[in-house]
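One structure is given below, encoded as structure tokens.
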Amino acid sequence: MKITVCIGSSCHVKGSRSVVEQLQALIAQHALGDKVELAGTFCMGHCQQGVCVMVDEEFFSVSPETVTEFFKDNVLSRG
């Protein structure tokens, strides 16, 4: 599984650094380092929708406040 987080200027302002840090911690906490690749990218073209995150080919809008729920619903559930 590949999780890609936008680190472009609009998403950076909306908290992409915090989203990345929280995802790194959750991946480590659940021992998924060998199953989940975390990557950064610049603009995904959805700047108005918050921090843009792709899980494989599926788009999500995530905020620092919703990372844990996002991870549970869209990463752990795919096991």
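Chains: A, B, ... in order of the structure tokens. Residues: from 1 per chain. Ligands: from 1, in order shown.
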
Long-range neighbours of Phe42 in chain A as a PyMOL selection string, 10 Å cut-off, only C-alpha atoms, 5 positions minimum in chain:
chain A and resi 4-12+52

### Those in chain A with alpha helix (DSSP H) from DSSP, as JSON, numbers by chain
{"A": [9, 10, 11, 12, 13, 16, 17, 18, 19, 20, 21, 22, 23, 24, 25, 26, 27, 28, 29, 67, 68, 69, 70, 71, 72, 73, 74]}

Selection: 10 Å around Leu23 in chain A, only C-alpha atoms, excl. self and same-chain fewer than 2 positions, as a PDB file with N, CA, C and O atoms, in the first residue's frame:
ATOM      1  N   ILE A   3       0.826   5.394   0.562  1.00  0.00           N
ATOM      2  CA  ILE A   3       0.123   6.600   1.006  1.00  0.00           C
ATOM      3  C   ILE A   3       0.962   7.789   0.564  1.00  0.00           C
ATOM      4  O   ILE A   3       2.135   7.890   0.912  1.00  0.00           O
ATOM      5  N   VAL A   5       1.131  11.956   0.498  1.00  0.00           N
ATOM      6  CA  VAL A   5       0.602  13.163   1.122  1.00  0.00           C
ATOM      7  C   VAL A   5       1.128  14.376   0.370  1.00  0.00           C
ATOM      8  O   VAL A   5       2.326  14.492   0.115  1.00  0.00           O
ATOM      9  N   ARG A  17       2.452  18.815   7.281  1.00  0.00           N
ATOM     10  CA  ARG A  17       3.600  18.318   8.061  1.00  0.00           C
ATOM     11  C   ARG A  17       3.119  17.489   9.247  1.00  0.00           C
ATOM     12  O   ARG A  17       3.643  16.407   9.534  1.00  0.00           O
ATOM     13  N   SER A  18       2.123  17.977   9.943  1.00  0.00           N
ATOM     14  CA  SER A  18       1.552  17.247  11.076  1.00  0.00           C
ATOM     15  C   SER A  18       0.920  15.940  10.618  1.00  0.00           C
ATOM     16  O   SER A  18       1.057  14.905  11.277  1.00  0.00           O
ATOM     17  N   VAL A  19       0.237  15.956   9.480  1.00  0.00           N
ATOM     18  CA  VAL A  19      -0.379  14.743   8.934  1.00  0.00           C
ATOM     19  C   VAL A  19       0.701  13.697   8.654  1.00  0.00           C
ATOM     20  O   VAL A  19       0.565  12.529   9.040  1.00  0.00           O
ATOM     21  N   VAL A  20       1.794  14.113   8.018  1.00  0.00           N
ATOM     22  CA  VAL A  20       2.892  13.187   7.719  1.00  0.00           C
ATOM     23  C   VAL A  20       3.481  12.622   9.001  1.00  0.00           C
ATOM     24  O   VAL A  20       3.692  11.407   9.126  1.00  0.00           O
ATOM     25  N   GLU A  21       3.742  13.481   9.979  1.00  0.00           N
ATOM     26  CA  GLU A  21       4.341  13.023  11.241  1.00  0.00           C
ATOM     27  C   GLU A  21       3.430  12.038  11.966  1.00  0.00           C
ATOM     28  O   GLU A  21       3.894  11.026  12.497  1.00  0.00           O
ATOM     29  N   ALA A  25       4.082   7.967  12.729  1.00  0.00           N
ATOM     30  CA  ALA A  25       3.944   7.383  14.064  1.00  0.00           C
ATOM     31  C   ALA A  25       2.942   6.230  14.060  1.00  0.00           C
ATOM     32  O   ALA A  25       3.190   5.180  14.679  1.00  0.00           O
ATOM     33  N   LEU A  26       1.826   6.385  13.362  1.00  0.00           N
ATOM     34  CA  LEU A  26       0.811   5.328  13.314  1.00  0.00           C
ATOM     35  C   LEU A  26       1.325   4.097  12.566  1.00  0.00           C
ATOM     36  O   LEU A  26       1.063   2.960  12.980  1.00  0.00           O
ATOM     37  N   ILE A  27       2.062   4.309  11.498  1.00  0.00           N
ATOM     38  CA  ILE A  27       2.646   3.191  10.752  1.00  0.00           C
ATOM     39  C   ILE A  27       3.612   2.424  11.647  1.00  0.00           C
ATOM     40  O   ILE A  27       3.586   1.194  11.704  1.00  0.00           O
ATOM     41  N   ALA A  28       4.437   3.142  12.393  1.00  0.00           N
ATOM     42  CA  ALA A  28       5.386   2.497  13.310  1.00  0.00           C
ATOM     43  C   ALA A  28       4.655   1.801  14.457  1.00  0.00           C
ATOM     44  O   ALA A  28       4.972   0.656  14.812  1.00  0.00           O
ATOM     45  N   GLN A  29       3.670   2.462  15.022  1.00  0.00           N
ATOM     46  CA  GLN A  29       2.910   1.919  16.156  1.00  0.00           C
ATOM     47  C   GLN A  29       2.240   0.597  15.794  1.00  0.00           C
ATOM     48  O   GLN A  29       2.142  -0.310  16.621  1.00  0.00           O
ATOM     49  N   LEU A  38       5.122   5.431   2.712  1.00  0.00           N
ATOM     50  CA  LEU A  38       4.651   6.802   2.897  1.00  0.00           C
ATOM     51  C   LEU A  38       5.518   7.714   2.048  1.00  0.00           C
ATOM     52  O   LEU A  38       6.743   7.670   2.137  1.00  0.00           O
ATOM     53  N   PRO A  64      -5.027  17.487  10.309  1.00  0.00           N
ATOM     54  CA  PRO A  64      -4.308  16.965  11.475  1.00  0.00           C
ATOM     55  C   PRO A  64      -5.252  16.366  12.517  1.00  0.00           C
ATOM     56  O   PRO A  64      -4.902  15.422  13.212  1.00  0.00           O
ATOM     57  N   VAL A  67      -6.507  12.528  11.263  1.00  0.00           N
ATOM     58  CA  VAL A  67      -5.536  11.526  10.805  1.00  0.00           C
ATOM     59  C   VAL A  67      -5.790  10.152  11.423  1.00  0.00           C
ATOM     60  O   VAL A  67      -5.794   9.138  10.724  1.00  0.00           O
ATOM     61  N   THR A  68      -6.012  10.086  12.729  1.00  0.00           N
ATOM     62  CA  THR A  68      -6.178   8.787  13.390  1.00  0.00           C
ATOM     63  C   THR A  68      -7.398   8.056  12.840  1.00  0.00           C
ATOM     64  O   THR A  68      -7.330   6.865  12.528  1.00  0.00           O
ATOM     65  N   PHE A  70      -8.860   8.587   9.904  1.00  0.00           N
ATOM     66  CA  PHE A  70      -8.529   8.257   8.516  1.00  0.00           C
ATOM     67  C   PHE A  70      -7.687   6.986   8.453  1.00  0.00           C
ATOM     68  O   PHE A  70      -7.950   6.079   7.666  1.00  0.00           O
ATOM     69  N   PHE A  71      -6.671   6.891   9.309  1.00  0.00           N
ATOM     70  CA  PHE A  71      -5.770   5.744   9.315  1.00  0.00           C
ATOM     71  C   PHE A  71      -6.537   4.467   9.654  1.00  0.00           C
ATOM     72  O   PHE A  71      -6.396   3.443   8.985  1.00  0.00           O
TER      73      PHE A  71
END

**OP:** Output as a PyMOL selection string all residues of chain A that backbone DSSP marks as strand (DSSP E).
**Re:** chain A and resi 2-6+37-41+51-55+58-62

Q | Option closest in space to Glu37 in chain A, from A:Asp56, A:Glu65, A:Arg78, A:Val51 [counting only C-alpha atoms] | A |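 Of all the options, A:Asp56 lies closest to Glu37 in chain A.
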